[in-house]
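Participant: The structure follows.
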Amino acid sequence: MKKFAKVIAAALLAATVAVSTAVSALAAGINADEQRILNVLDTTANLNGNPTKIPVEYYNQAESYFLQSDVDISKTEADEIIKKINDVKAYIESIGVSKWSELSDSQIQKIVGMSNDVVGVIDLELSYYKNAAPGSKVRVTKKGGSTNVGGDDKPVKDTGFETGAAAVTVAGLGALLITAAGVYLVNAPKKEKVVE
Amino acid sequence: MSKRKSSHRSMNGKNFIILPIIFSLLILGICYAVVMPSARTFIKMGSLFFSDSEKNFSNDYNNIFVPVAEEPEEGTSEVSKVEEPKTVPLSSIEYPKIGEQFGELIIEDCQTDVKLFFGDGYVELNNGVGIYAGSFIPGYGKTIMIAGHNCTFFNGLKYAKVGQKVKIRTSYGNYTYEITDIQIKNAKDKSAYDLAAQTENLIMYTCYPFDALGFYPDRYFVYGKLVSGPVIDKKS
């Protein structure tokens, strides 16, 4: 009888391991806890009477990140993230601004710090570059690395003459003309004016 | 003799002060005419040097694209015919990370056959065309917004016409879209795209005009609808 119980216990253990392995293999989708985070991100914040949502492109970036097979957020992590998101939301609502553009530098820094706490729960970090061009101010990366996870990129990019190529062309063109002018001036026959 | 020397001195002054100024102005004028249809090019170059954001000029990328067999055209042998599945479970897909090549995009009528990346940053657009990370991959049932440079990988979009087919090959299935519309819009015009759309729609864009040097505010948007390809089943 004891032997039978051991077999049953071993079978249950094997089944548990198999199920847990299967669950982690299915992590490519969005689990219930990740969906709870997305639902919170989809709520509105009240900015001085103006209901405001985060732009849909940021929401989509979060959804895409959760879809990755090596991202599987647990209930504990989701609870902590949701609490911290609500803290950020409460702080923004308490400031009393009507638009994002009305935020002061110190308020932005405080929000950046709080947002960093949010993403820090799942080993990500948020960097804010005050002097960068719009679309390059916020970047979310894996902690301690440069793996890009998302940011405030403009949906429509500059797809014309590439920036690096433009810089090289301008510099090259300038250098060519200056060299040509120098060579001309050095080699030009000097005419001496003879004053009669 | 003394008159000759003073004339030589005035020539030196002319050579070393006035001519460089004239040439500098000339160079600036040429730069302006060639590369400066708008001031944004220099602003962007300036931001390259003065911005406090980290720059990564690496051109390396990860490739997760493994082509799957294409469904033969109608009329080919039934024996060799490979049926495309109607749906593909999300759990079976390796959802791409930003910067990864996960497919290729082909528009035969436009002589376009390019690598498809997830993400539309420096590396992605230097190596092919890229899906904006705030949009989704083919088959997901939402907006797919793809960028490419007008002087390289998306130069062929200038031959795009309504009704032409766009093929996207990925590791989890092959997709065909049909071009439904072409519009020239300002890059800041949010009516050019709908990132909240709940139906699959393809948007490809590049800078316009195609032969322009420098950054222009307009974009050439080519829109498409899904014709065939497996739908990603988000619940399995």
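Ligands are numbered from 1 in the order shown, chains are lettered A, B, ... in the order of the structure tokens, and residues start at 1 in each chain.
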Please list as a VMD selection string every residue within 12 Å of Gly144 in chain A, counting only C-alpha atoms and excluding residues in the same chain fewer than 2 positions away.

Facilitator: chain A and resid 120 123 to 127 140 to 142 146 to 148

Participant: Here is a test: counting only C-alpha atoms, which residue of A:Val40, A:Val112, A:Val183, A:Ala132 is nearest to chain B?

Facilitator: A:Ala132

Participant: Residues at most 8 Å from range 107-109 of chain B, counting only C-alpha atoms, excluding those fewer than 4 positions away in the same chain, as a list in words?

Facilitator: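 Result of the neighbour search: Asp113, Tyr159, Ala160, Gln164, Lys165, Val166 and Lys167 of chain B.
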
Participant: Restricting the calculation to only C-alpha atoms: of B:Met145, B:Val227, B:Ile64, B:Ile106, which residue gets closest to Tyr177 in chain B?

Facilitator: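 Smallest separation from Tyr177 in chain B among the options: B:Val227.
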